[in-house]
Amino acid sequence: GFKSINPQFLPGGVIRDNVAHSNAGHGMTVYLHGWFPSSPTLWENVSSYKNGLTGVYFHATRNMTLVGGFMADNEDCIRNHFADDIVIKNVVCVGESDNLKWLGRVKRSERRCPPRNVPVVPAPHIAGISFQPNEGELAGLRLEN
């Protein structure tokens with residue numbers, strides 16, 4: 001991506017109908033610097049699949065709402081780490097899709113489509129929505145449906 005761009009304090013808005021797939025790491029994230037918009041930011045109908053790590057990764061972030069969308073074939077569907085005021089609503093999380101099962105003759109670690117020259121590491125687990133349990137005061141995660 002654009003590692004030189006730092007949207008850390010840009011105002012919120014709407015991120016709609018984005019698709020991320022076959023990334024070696026996270027599908028969509030605000031990691032490395034985090035994002036602290038003064039107004040709520042809506043992520044609507046985001047699809048993120050067949051990524052090496054997480055479908056959507058909220059890290060060092062606040063004021064985000066993820067509504068609708070589809071996550072599949074990621075190690076983690078959604079990860080919330082040191083993030084506050086996060087709402088996740090009506091998101092479909094599929095650990096292993098029918099498409100991935102169809103590829104059953106291939107080892108699980110080789111079923112994704114990583115970039116060239118990036119080693120594929122087997123996923124040690126598949127998780128739905130995970131969050132860091134020792135975040136102190138930054139623990140505002142709300143799940144709906």
# chains A, B, ... in the order shown; residues from 1 in each chain; ligands from 1

call {"tool": "residues_around", "arguments": {"residues": "segment 47-56 of chain A", "least_positions_apart": "4", "cutoff": "8 Å", "atoms": "only C-alpha atoms", "output": "list in words"}}
result
Asp17, Asn18, Val19, Ala20, His21, Ser22, Asn23, Ala24, Gly25, His26, Gly27, Met28, Thr29, Gly69, Phe70, Met71, Ala72, Asp73, Asn74, Glu75, Asp76, Cys77, Ile78, Arg79, Arg112, Cys113, Pro114, Val120 and Ala123 of chain A

call {"tool": "write_last_selection", "arguments": {"atoms": "N, CA, C and O atoms", "output": "compact mmCIF listing (two decimals), in the first residue's frame"}}
result
# COMPACT_ATOMS: atom_id res chain seq x y z
N ASP A 17 -18.30 -0.70 0.04
CA ASP A 17 -18.17 -1.72 -1.01
C ASP A 17 -16.73 -2.01 -1.43
O ASP A 17 -16.48 -2.34 -2.59
N ASN A 18 -15.79 -1.89 -0.52
CA ASN A 18 -14.40 -2.24 -0.83
C ASN A 18 -14.21 -3.74 -0.75
O ASN A 18 -14.84 -4.42 0.06
N VAL A 19 -13.31 -4.25 -1.57
CA VAL A 19 -12.99 -5.68 -1.59
C VAL A 19 -11.48 -5.82 -1.44
O VAL A 19 -10.71 -5.15 -2.12
N ALA A 20 -11.07 -6.69 -0.52
CA ALA A 20 -9.65 -7.00 -0.34
C ALA A 20 -9.51 -8.52 -0.34
O ALA A 20 -10.24 -9.22 0.35
N HIS A 21 -8.58 -9.03 -1.15
CA HIS A 21 -8.39 -10.48 -1.18
C HIS A 21 -6.96 -10.83 -1.55
O HIS A 21 -6.24 -10.05 -2.18
N SER A 22 -6.57 -11.98 -1.08
CA SER A 22 -5.28 -12.59 -1.45
C SER A 22 -4.08 -11.77 -1.03
O SER A 22 -3.05 -11.79 -1.70
N ASN A 23 -4.20 -11.03 0.07
CA ASN A 23 -3.06 -10.32 0.63
C ASN A 23 -2.27 -11.26 1.53
O ASN A 23 -2.84 -12.12 2.19
N ALA A 24 -0.97 -11.09 1.59
CA ALA A 24 -0.16 -11.94 2.46
C ALA A 24 -0.47 -11.68 3.93
O ALA A 24 -0.39 -12.57 4.76
N GLY A 25 -0.86 -10.44 4.26
CA GLY A 25 -1.17 -10.08 5.64
C GLY A 25 -2.66 -9.81 5.81
O GLY A 25 -3.49 -10.66 5.52
N HIS A 26 -2.97 -8.58 6.26
CA HIS A 26 -4.35 -8.19 6.52
C HIS A 26 -5.03 -7.73 5.24
O HIS A 26 -4.41 -7.09 4.39
N GLY A 27 -6.34 -8.01 5.13
CA GLY A 27 -7.10 -7.54 3.99
C GLY A 27 -7.25 -6.02 4.02
O GLY A 27 -6.86 -5.32 3.11
N MET A 28 -7.85 -5.51 5.11
CA MET A 28 -8.00 -4.06 5.31
C MET A 28 -7.58 -3.74 6.73
O MET A 28 -7.94 -4.44 7.67
N THR A 29 -6.83 -2.65 6.88
CA THR A 29 -6.35 -2.27 8.20
C THR A 29 -6.02 -0.80 8.26
O THR A 29 -5.82 -0.16 7.23
N GLY A 69 -21.29 -6.80 5.04
CA GLY A 69 -20.04 -7.29 4.48
C GLY A 69 -19.85 -8.78 4.70
O GLY A 69 -20.68 -9.45 5.33
N PHE A 70 -18.77 -9.27 4.16
CA PHE A 70 -18.50 -10.70 4.12
C PHE A 70 -17.01 -10.94 4.30
O PHE A 70 -16.20 -10.32 3.62
N MET A 71 -16.66 -11.82 5.22
CA MET A 71 -15.27 -12.20 5.46
C MET A 71 -15.20 -13.72 5.33
O MET A 71 -16.04 -14.43 5.88
N ALA A 72 -14.20 -14.22 4.61
CA ALA A 72 -14.08 -15.67 4.48
C ALA A 72 -12.62 -16.05 4.23
O ALA A 72 -11.85 -15.30 3.65
N ASP A 73 -12.27 -17.23 4.71
CA ASP A 73 -10.98 -17.86 4.42
C ASP A 73 -9.79 -17.04 4.89
O ASP A 73 -8.73 -17.04 4.26
N ASN A 74 -9.97 -16.30 5.98
CA ASN A 74 -8.88 -15.57 6.62
C ASN A 74 -8.52 -16.29 7.92
O ASN A 74 -9.33 -17.03 8.47
N GLU A 75 -7.33 -16.07 8.43
CA GLU A 75 -6.99 -16.65 9.73
C GLU A 75 -7.90 -16.09 10.82
O GLU A 75 -8.41 -16.83 11.65
N ASP A 76 -8.11 -14.78 10.83
CA ASP A 76 -9.08 -14.12 11.70
C ASP A 76 -10.06 -13.37 10.82
O ASP A 76 -9.64 -12.69 9.87
N CYS A 77 -11.32 -13.42 11.15
CA CYS A 77 -12.33 -12.65 10.42
C CYS A 77 -12.08 -11.16 10.69
O CYS A 77 -11.81 -10.40 9.77
N ILE A 78 -12.17 -10.76 11.95
CA ILE A 78 -11.95 -9.37 12.37
C ILE A 78 -11.13 -9.38 13.64
O ILE A 78 -11.40 -10.18 14.54
N ARG A 79 -10.16 -8.50 13.75
CA ARG A 79 -9.35 -8.40 14.96
C ARG A 79 -9.41 -6.97 15.47
O ARG A 79 -9.23 -6.03 14.71
N ARG A 112 -4.47 -20.07 -0.35
CA ARG A 112 -4.60 -18.64 -0.59
C ARG A 112 -3.75 -18.25 -1.78
O ARG A 112 -3.00 -19.05 -2.32
N CYS A 113 -3.85 -17.02 -2.18
CA CYS A 113 -3.10 -16.54 -3.35
C CYS A 113 -2.14 -15.44 -2.90
O CYS A 113 -2.39 -14.27 -3.15
N PRO A 114 -1.05 -15.77 -2.21
CA PRO A 114 -0.14 -14.72 -1.74
C PRO A 114 0.66 -14.14 -2.89
O PRO A 114 0.79 -14.75 -3.94
N VAL A 120 4.19 -18.92 2.31
CA VAL A 120 2.88 -19.15 2.91
C VAL A 120 3.08 -19.95 4.18
O VAL A 120 3.69 -21.00 4.18
N ALA A 123 -1.99 -21.46 8.74
CA ALA A 123 -2.72 -20.78 9.80
C ALA A 123 -2.79 -21.70 11.01
O ALA A 123 -3.26 -22.83 10.90

call {"tool": "select_by_dssp", "arguments": {"residues": "segment 4-68 of chain A", "states": "strand (DSSP E or B)", "output": "PDB file with N, CA, C and O atoms, in the first residue's frame"}}
result
ATOM      1  N   VAL A  14     -17.239   7.600   4.951  1.00  0.00           N
ATOM      2  CA  VAL A  14     -17.796   6.305   4.593  1.00  0.00           C
ATOM      3  C   VAL A  14     -16.835   5.575   3.674  1.00  0.00           C
ATOM      4  O   VAL A  14     -16.331   6.143   2.704  1.00  0.00           O
ATOM      5  N   ILE A  15     -16.567   4.336   4.026  1.00  0.00           N
ATOM      6  CA  ILE A  15     -15.799   3.424   3.177  1.00  0.00           C
ATOM      7  C   ILE A  15     -16.811   2.367   2.750  1.00  0.00           C
ATOM      8  O   ILE A  15     -17.300   1.608   3.580  1.00  0.00           O
ATOM      9  N   ARG A  16     -17.134   2.332   1.464  1.00  0.00           N
ATOM     10  CA  ARG A  16     -18.253   1.500   1.023  1.00  0.00           C
ATOM     11  C   ARG A  16     -17.829   0.545  -0.090  1.00  0.00           C
ATOM     12  O   ARG A  16     -17.137   0.929  -1.026  1.00  0.00           O
ATOM     13  N   VAL A  19     -13.310  -4.253  -1.574  1.00  0.00           N
ATOM     14  CA  VAL A  19     -12.987  -5.679  -1.590  1.00  0.00           C
ATOM     15  C   VAL A  19     -11.482  -5.823  -1.439  1.00  0.00           C
ATOM     16  O   VAL A  19     -10.707  -5.151  -2.124  1.00  0.00           O
ATOM     17  N   ALA A  20     -11.072  -6.689  -0.521  1.00  0.00           N
ATOM     18  CA  ALA A  20      -9.649  -7.002  -0.337  1.00  0.00           C
ATOM     19  C   ALA A  20      -9.506  -8.517  -0.344  1.00  0.00           C
ATOM     20  O   ALA A  20     -10.236  -9.220   0.348  1.00  0.00           O
ATOM     21  N   HIS A  21      -8.577  -9.026  -1.153  1.00  0.00           N
ATOM     22  CA  HIS A  21      -8.389 -10.476  -1.179  1.00  0.00           C
ATOM     23  C   HIS A  21      -6.961 -10.825  -1.550  1.00  0.00           C
ATOM     24  O   HIS A  21      -6.240 -10.048  -2.182  1.00  0.00           O
ATOM     25  N   MET A  28      -7.851  -5.505   5.115  1.00  0.00           N
ATOM     26  CA  MET A  28      -8.000  -4.063   5.309  1.00  0.00           C
ATOM     27  C   MET A  28      -7.582  -3.737   6.731  1.00  0.00           C
ATOM     28  O   MET A  28      -7.938  -4.441   7.668  1.00  0.00           O
ATOM     29  N   THR A  29      -6.834  -2.653   6.881  1.00  0.00           N
ATOM     30  CA  THR A  29      -6.353  -2.274   8.204  1.00  0.00           C
ATOM     31  C   THR A  29      -6.018  -0.798   8.261  1.00  0.00           C
ATOM     32  O   THR A  29      -5.825  -0.165   7.225  1.00  0.00           O
ATOM     33  N   TRP A  35      -5.945   5.196  13.330  1.00  0.00           N
ATOM     34  CA  TRP A  35      -6.786   6.259  12.786  1.00  0.00           C
ATOM     35  C   TRP A  35      -7.689   6.738  13.907  1.00  0.00           C
ATOM     36  O   TRP A  35      -8.384   5.944  14.534  1.00  0.00           O
ATOM     37  N   THR A  41     -16.696   6.865  11.602  1.00  0.00           N
ATOM     38  CA  THR A  41     -16.379   6.381  10.259  1.00  0.00           C
ATOM     39  C   THR A  41     -17.134   5.082  10.030  1.00  0.00           C
ATOM     40  O   THR A  41     -17.064   4.167  10.841  1.00  0.00           O
ATOM     41  N   LEU A  42     -17.863   5.018   8.934  1.00  0.00           N
ATOM     42  CA  LEU A  42     -18.664   3.848   8.592  1.00  0.00           C
ATOM     43  C   LEU A  42     -17.940   3.042   7.524  1.00  0.00           C
ATOM     44  O   LEU A  42     -17.589   3.569   6.472  1.00  0.00           O
ATOM     45  N   TRP A  43     -17.701   1.769   7.812  1.00  0.00           N
ATOM     46  CA  TRP A  43     -17.199   0.811   6.828  1.00  0.00           C
ATOM     47  C   TRP A  43     -18.410  -0.034   6.463  1.00  0.00           C
ATOM     48  O   TRP A  43     -18.916  -0.786   7.290  1.00  0.00           O
ATOM     49  N   GLU A  44     -18.899   0.093   5.238  1.00  0.00           N
ATOM     50  CA  GLU A  44     -20.147  -0.551   4.854  1.00  0.00           C
ATOM     51  C   GLU A  44     -19.916  -1.565   3.733  1.00  0.00           C
ATOM     52  O   GLU A  44     -19.289  -1.271   2.722  1.00  0.00           O
ATOM     53  N   SER A  47     -15.893  -6.538   1.844  1.00  0.00           N
ATOM     54  CA  SER A  47     -15.621  -7.964   1.659  1.00  0.00           C
ATOM     55  C   SER A  47     -14.118  -8.178   1.732  1.00  0.00           C
ATOM     56  O   SER A  47     -13.350  -7.429   1.130  1.00  0.00           O
ATOM     57  N   SER A  48     -13.707  -9.181   2.477  1.00  0.00           N
ATOM     58  CA  SER A  48     -12.277  -9.446   2.635  1.00  0.00           C
ATOM     59  C   SER A  48     -12.099 -10.956   2.765  1.00  0.00           C
ATOM     60  O   SER A  48     -12.589 -11.570   3.704  1.00  0.00           O
ATOM     61  N   TYR A  49     -11.393 -11.543   1.802  1.00  0.00           N
ATOM     62  CA  TYR A  49     -11.299 -12.996   1.793  1.00  0.00           C
ATOM     63  C   TYR A  49      -9.938 -13.474   1.287  1.00  0.00           C
ATOM     64  O   TYR A  49      -9.236 -12.785   0.566  1.00  0.00           O
ATOM     65  N   THR A  54      -5.726 -11.388   8.689  1.00  0.00           N
ATOM     66  CA  THR A  54      -7.038 -10.947   9.138  1.00  0.00           C
ATOM     67  C   THR A  54      -7.819 -10.303   8.000  1.00  0.00           C
ATOM     68  O   THR A  54      -7.247  -9.583   7.180  1.00  0.00           O
ATOM     69  N   GLY A  55      -9.130 -10.511   7.989  1.00  0.00           N
ATOM     70  CA  GLY A  55      -9.980  -9.841   7.012  1.00  0.00           C
ATOM     71  C   GLY A  55      -9.978  -8.335   7.223  1.00  0.00           C
ATOM     72  O   GLY A  55      -9.664  -7.564   6.327  1.00  0.00           O
ATOM     73  N   VAL A  56     -10.329  -7.887   8.444  1.00  0.00           N
ATOM     74  CA  VAL A  56     -10.274  -6.479   8.830  1.00  0.00           C
ATOM     75  C   VAL A  56      -9.567  -6.403  10.176  1.00  0.00           C
ATOM     76  O   VAL A  56      -9.926  -7.115  11.111  1.00  0.00           O
ATOM     77  N   TYR A  57      -8.566  -5.528  10.279  1.00  0.00           N
ATOM     78  CA  TYR A  57      -7.764  -5.388  11.501  1.00  0.00           C
ATOM     79  C   TYR A  57      -7.846  -3.947  11.983  1.00  0.00           C
ATOM     80  O   TYR A  57      -7.333  -3.035  11.340  1.00  0.00           O
ATOM     81  N   PHE A  58      -8.559  -3.750  13.107  1.00  0.00           N
ATOM     82  CA  PHE A  58      -8.618  -2.438  13.751  1.00  0.00           C
ATOM     83  C   PHE A  58      -7.529  -2.396  14.814  1.00  0.00           C
ATOM     84  O   PHE A  58      -7.596  -3.125  15.802  1.00  0.00           O
ATOM     85  N   HIS A  59      -6.525  -1.549  14.638  1.00  0.00           N
ATOM     86  CA  HIS A  59      -5.409  -1.453  15.582  1.00  0.00           C
ATOM     87  C   HIS A  59      -5.151   0.010  15.895  1.00  0.00           C
ATOM     88  O   HIS A  59      -5.042   0.835  14.986  1.00  0.00           O
ATOM     89  N   ALA A  60      -5.029   0.331  17.189  1.00  0.00           N
ATOM     90  CA  ALA A  60      -4.753   1.699  17.624  1.00  0.00           C
ATOM     91  C   ALA A  60      -5.707   2.661  16.917  1.00  0.00           C
ATOM     92  O   ALA A  60      -5.292   3.611  16.273  1.00  0.00           O
ATOM     93  N   THR A  61      -7.002   2.395  17.054  1.00  0.00           N
ATOM     94  CA  THR A  61      -8.020   3.068  16.265  1.00  0.00           C
ATOM     95  C   THR A  61      -9.233   3.358  17.137  1.00  0.00           C
ATOM     96  O   THR A  61      -9.417   2.728  18.175  1.00  0.00           O
ATOM     97  N   ARG A  62     -10.051   4.307  16.707  1.00  0.00           N
ATOM     98  CA  ARG A  62     -11.308   4.544  17.417  1.00  0.00           C
ATOM     99  C   ARG A  62     -12.363   5.062  16.436  1.00  0.00           C
ATOM    100  O   ARG A  62     -12.044   5.466  15.319  1.00  0.00           O
ATOM    101  N   ASN A  63     -13.614   5.007  16.895  1.00  0.00           N
ATOM    102  CA  ASN A  63     -14.714   5.642  16.183  1.00  0.00           C
ATOM    103  C   ASN A  63     -15.027   4.980  14.838  1.00  0.00           C
ATOM    104  O   ASN A  63     -15.261   5.668  13.849  1.00  0.00           O
ATOM    105  N   MET A  64     -15.029   3.643  14.793  1.00  0.00           N
ATOM    106  CA  MET A  64     -15.290   2.907  13.549  1.00  0.00           C
ATOM    107  C   MET A  64     -16.531   2.031  13.717  1.00  0.00           C
ATOM    108  O   MET A  64     -16.710   1.396  14.755  1.00  0.00           O
ATOM    109  N   THR A  65     -17.347   1.971  12.674  1.00  0.00           N
ATOM    110  CA  THR A  65     -18.482   1.064  12.632  1.00  0.00           C
ATOM    111  C   THR A  65     -18.400   0.259  11.350  1.00  0.00           C
ATOM    112  O   THR A  65     -18.321   0.828  10.263  1.00  0.00           O
ATOM    113  N   LEU A  66     -18.397  -1.053  11.488  1.00  0.00           N
ATOM    114  CA  LEU A  66     -18.354  -1.978  10.358  1.00  0.00           C
ATOM    115  C   LEU A  66     -19.739  -2.608  10.247  1.00  0.00           C
ATOM    116  O   LEU A  66     -20.170  -3.319  11.153  1.00  0.00           O
ATOM    117  N   VAL A  67     -20.457  -2.306   9.150  1.00  0.00           N
ATOM    118  CA  VAL A  67     -21.821  -2.780   8.967  1.00  0.00           C
ATOM    119  C   VAL A  67     -21.912  -3.572   7.669  1.00  0.00           C
ATOM    120  O   VAL A  67     -21.488  -3.102   6.614  1.00  0.00           O
TER     121      VAL A  67
END
